[in-house]
Amino acid sequence: MSHQGYLIGILGFALLNGMFSPILLPQTTAAVLLLSPGLLISSPHIVAFLAYIIGSTFTIMLAGIPAALYERVTGARESGPVSLWIWLACTALLSLPAVISFLSVGGF
């Protein structure tokens, strides 16, 4: 699989986690609401969108730590298939509660 395939999977899991995570959504929504007076955000749709984006970004950053540690230990100059698999697996593990929530909402 090319690097793009791994990155699409990582981004897909991260977006799913940002939107449906029962853990991240309350915290990110509160963070956006605390910042909203300074940003002049009054629309609830924009607040929800920013909360999703913050949750997704946090998932990508947190899941990338084990892959970065693997690359550091092995001395790799570029991301190889193994480090991308590690990143994808960690993103999937972090997104597991969101996937369960998504499947229960979707009626599957």
# chains A, B, ... in the order shown; residues from 1 in each chain; ligands from 1
call {"tool": "select_by_dssp", "arguments": {"residues": "chain A", "states": "alpha helix (DSSP H)", "output": "NGL selection string"}}
result
:A and (3-20 or 24-39 or 44-74 or 81-94 or 96-106)
call {"tool": "write_last_selection", "arguments": {"atoms": "C-alpha atoms", "output": "mmCIF file, in the first residue's frame"}}
result
data_model
loop_
_atom_site.group_PDB
_atom_site.id
_atom_site.type_symbol
_atom_site.label_atom_id
_atom_site.label_comp_id
_atom_site.auth_asym_id
_atom_site.auth_seq_id
_atom_site.Cartn_x
_atom_site.Cartn_y
_atom_site.Cartn_z
ATOM 1 C CA HIS A 3 1.807 6.160 1.858
ATOM 2 C CA GLN A 4 -1.410 7.842 0.753
ATOM 3 C CA GLY A 5 -3.467 4.799 1.681
ATOM 4 C CA TYR A 6 -2.121 4.822 5.218
ATOM 5 C CA LEU A 7 -2.700 8.558 5.558
ATOM 6 C CA ILE A 8 -6.286 8.264 4.298
ATOM 7 C CA GLY A 9 -6.950 5.590 6.926
ATOM 8 C CA ILE A 10 -5.324 7.698 9.654
ATOM 9 C CA LEU A 11 -7.347 10.764 8.684
ATOM 10 C CA GLY A 12 -10.555 8.736 8.426
ATOM 11 C CA PHE A 13 -10.191 7.303 11.915
ATOM 12 C CA ALA A 14 -9.201 10.708 13.287
ATOM 13 C CA LEU A 15 -12.250 12.409 11.769
ATOM 14 C CA LEU A 16 -14.491 9.665 13.101
ATOM 15 C CA ASN A 17 -12.935 10.112 16.533
ATOM 16 C CA GLY A 18 -13.290 13.880 16.376
ATOM 17 C CA MET A 19 -16.977 13.669 15.523
ATOM 18 C CA PHE A 20 -18.235 10.760 17.608
ATOM 19 C CA LEU A 24 -13.150 14.138 23.481
ATOM 20 C CA LEU A 25 -16.313 15.939 22.384
ATOM 21 C CA PRO A 26 -17.284 17.505 25.753
ATOM 22 C CA GLN A 27 -13.743 18.713 26.434
ATOM 23 C CA THR A 28 -13.146 20.150 22.985
ATOM 24 C CA THR A 29 -16.549 21.835 22.937
ATOM 25 C CA ALA A 30 -15.781 23.443 26.293
ATOM 26 C CA ALA A 31 -12.401 24.612 25.004
ATOM 27 C CA VAL A 32 -13.994 26.195 21.948
ATOM 28 C CA LEU A 33 -16.673 27.862 24.072
ATOM 29 C CA LEU A 34 -14.025 29.308 26.364
ATOM 30 C CA LEU A 35 -12.170 30.704 23.360
ATOM 31 C CA SER A 36 -15.266 31.855 21.467
ATOM 32 C CA PRO A 37 -15.684 35.313 23.060
ATOM 33 C CA GLY A 38 -12.224 36.234 21.819
ATOM 34 C CA LEU A 39 -12.902 34.771 18.389
ATOM 35 C CA PRO A 44 -23.368 26.657 17.364
ATOM 36 C CA HIS A 45 -22.499 25.009 14.048
ATOM 37 C CA ILE A 46 -19.098 26.687 13.989
ATOM 38 C CA VAL A 47 -18.485 25.752 17.626
ATOM 39 C CA ALA A 48 -19.296 22.100 16.871
ATOM 40 C CA PHE A 49 -17.120 22.143 13.743
ATOM 41 C CA LEU A 50 -14.148 23.588 15.622
ATOM 42 C CA ALA A 51 -14.631 21.014 18.391
ATOM 43 C CA TYR A 52 -14.536 18.226 15.777
ATOM 44 C CA ILE A 53 -11.373 19.653 14.231
ATOM 45 C CA ILE A 54 -9.643 20.017 17.614
ATOM 46 C CA GLY A 55 -10.565 16.438 18.543
ATOM 47 C CA SER A 56 -9.319 15.083 15.215
ATOM 48 C CA THR A 57 -6.062 17.001 15.434
ATOM 49 C CA PHE A 58 -5.484 15.800 18.985
ATOM 50 C CA THR A 59 -6.062 12.206 17.868
ATOM 51 C CA ILE A 60 -3.544 12.497 15.023
ATOM 52 C CA MET A 61 -0.917 14.066 17.272
ATOM 53 C CA LEU A 62 -1.359 11.570 20.109
ATOM 54 C CA ALA A 63 -1.375 8.544 17.798
ATOM 55 C CA GLY A 64 1.778 9.740 16.046
ATOM 56 C CA ILE A 65 3.893 9.583 19.204
ATOM 57 C CA PRO A 66 4.518 5.786 19.142
ATOM 58 C CA ALA A 67 5.357 5.922 15.425
ATOM 59 C CA ALA A 68 7.794 8.781 16.028
ATOM 60 C CA LEU A 69 9.417 6.864 18.879
ATOM 61 C CA TYR A 70 9.775 3.820 16.619
ATOM 62 C CA GLU A 71 11.426 5.936 13.927
ATOM 63 C CA ARG A 72 13.762 7.476 16.506
ATOM 64 C CA VAL A 73 14.795 4.083 17.904
ATOM 65 C CA THR A 74 15.398 2.542 14.481
ATOM 66 C CA PRO A 81 5.419 1.146 6.065
ATOM 67 C CA VAL A 82 6.051 -0.125 9.602
ATOM 68 C CA SER A 83 5.864 3.306 11.219
ATOM 69 C CA LEU A 84 2.748 4.148 9.197
ATOM 70 C CA TRP A 85 1.150 0.880 10.347
ATOM 71 C CA ILE A 86 1.986 1.814 13.942
ATOM 72 C CA TRP A 87 0.434 5.245 13.448
ATOM 73 C CA LEU A 88 -2.681 3.729 11.839
ATOM 74 C CA ALA A 89 -3.051 1.110 14.584
ATOM 75 C CA CYS A 90 -2.714 3.697 17.351
ATOM 76 C CA THR A 91 -5.258 5.949 15.638
ATOM 77 C CA ALA A 92 -7.656 3.014 15.345
ATOM 78 C CA LEU A 93 -7.196 2.141 19.033
ATOM 79 C CA LEU A 94 -7.818 5.733 20.096
ATOM 80 C CA LEU A 96 -12.416 2.606 19.200
ATOM 81 C CA PRO A 97 -14.937 4.333 21.543
ATOM 82 C CA ALA A 98 -15.949 6.642 18.687
ATOM 83 C CA VAL A 99 -16.421 3.703 16.308
ATOM 84 C CA ILE A 100 -18.661 1.990 18.862
ATOM 85 C CA SER A 101 -20.617 5.224 19.290
ATOM 86 C CA PHE A 102 -20.864 5.663 15.510
ATOM 87 C CA LEU A 103 -22.179 2.148 15.026
ATOM 88 C CA SER A 104 -24.776 2.567 17.773
ATOM 89 C CA VAL A 105 -25.973 5.893 16.316
ATOM 90 C CA GLY A 106 -25.993 4.545 12.778
#
call {"tool": "decode", "arguments": {"residues": "segment 28-70 of chain A", "atoms": "C-alpha atoms", "output": "mmCIF file, in the first residue's frame"}}
result
data_model
loop_
_atom_site.group_PDB
_atom_site.id
_atom_site.type_symbol
_atom_site.label_atom_id
_atom_site.label_comp_id
_atom_site.auth_asym_id
_atom_site.auth_seq_id
_atom_site.Cartn_x
_atom_site.Cartn_y
_atom_site.Cartn_z
ATOM 1 C CA THR A 28 -13.146 20.150 22.985
ATOM 2 C CA THR A 29 -16.549 21.835 22.937
ATOM 3 C CA ALA A 30 -15.781 23.443 26.293
ATOM 4 C CA ALA A 31 -12.401 24.612 25.004
ATOM 5 C CA VAL A 32 -13.994 26.195 21.948
ATOM 6 C CA LEU A 33 -16.673 27.862 24.072
ATOM 7 C CA LEU A 34 -14.025 29.308 26.364
ATOM 8 C CA LEU A 35 -12.170 30.704 23.360
ATOM 9 C CA SER A 36 -15.266 31.855 21.467
ATOM 10 C CA PRO A 37 -15.684 35.313 23.060
ATOM 11 C CA GLY A 38 -12.224 36.234 21.819
ATOM 12 C CA LEU A 39 -12.902 34.771 18.389
ATOM 13 C CA LEU A 40 -16.421 36.230 18.120
ATOM 14 C CA ILE A 41 -17.965 32.866 17.355
ATOM 15 C CA SER A 42 -21.677 32.842 17.997
ATOM 16 C CA SER A 43 -22.936 30.076 15.727
ATOM 17 C CA PRO A 44 -23.368 26.657 17.364
ATOM 18 C CA HIS A 45 -22.499 25.009 14.048
ATOM 19 C CA ILE A 46 -19.098 26.687 13.989
ATOM 20 C CA VAL A 47 -18.485 25.752 17.626
ATOM 21 C CA ALA A 48 -19.296 22.100 16.871
ATOM 22 C CA PHE A 49 -17.120 22.143 13.743
ATOM 23 C CA LEU A 50 -14.148 23.588 15.622
ATOM 24 C CA ALA A 51 -14.631 21.014 18.391
ATOM 25 C CA TYR A 52 -14.536 18.226 15.777
ATOM 26 C CA ILE A 53 -11.373 19.653 14.231
ATOM 27 C CA ILE A 54 -9.643 20.017 17.614
ATOM 28 C CA GLY A 55 -10.565 16.438 18.543
ATOM 29 C CA SER A 56 -9.319 15.083 15.215
ATOM 30 C CA THR A 57 -6.062 17.001 15.434
ATOM 31 C CA PHE A 58 -5.484 15.800 18.985
ATOM 32 C CA THR A 59 -6.062 12.206 17.868
ATOM 33 C CA ILE A 60 -3.544 12.497 15.023
ATOM 34 C CA MET A 61 -0.917 14.066 17.272
ATOM 35 C CA LEU A 62 -1.359 11.570 20.109
ATOM 36 C CA ALA A 63 -1.375 8.544 17.798
ATOM 37 C CA GLY A 64 1.778 9.740 16.046
ATOM 38 C CA ILE A 65 3.893 9.583 19.204
ATOM 39 C CA PRO A 66 4.518 5.786 19.142
ATOM 40 C CA ALA A 67 5.357 5.922 15.425
ATOM 41 C CA ALA A 68 7.794 8.781 16.028
ATOM 42 C CA LEU A 69 9.417 6.864 18.879
ATOM 43 C CA TYR A 70 9.775 3.820 16.619
#
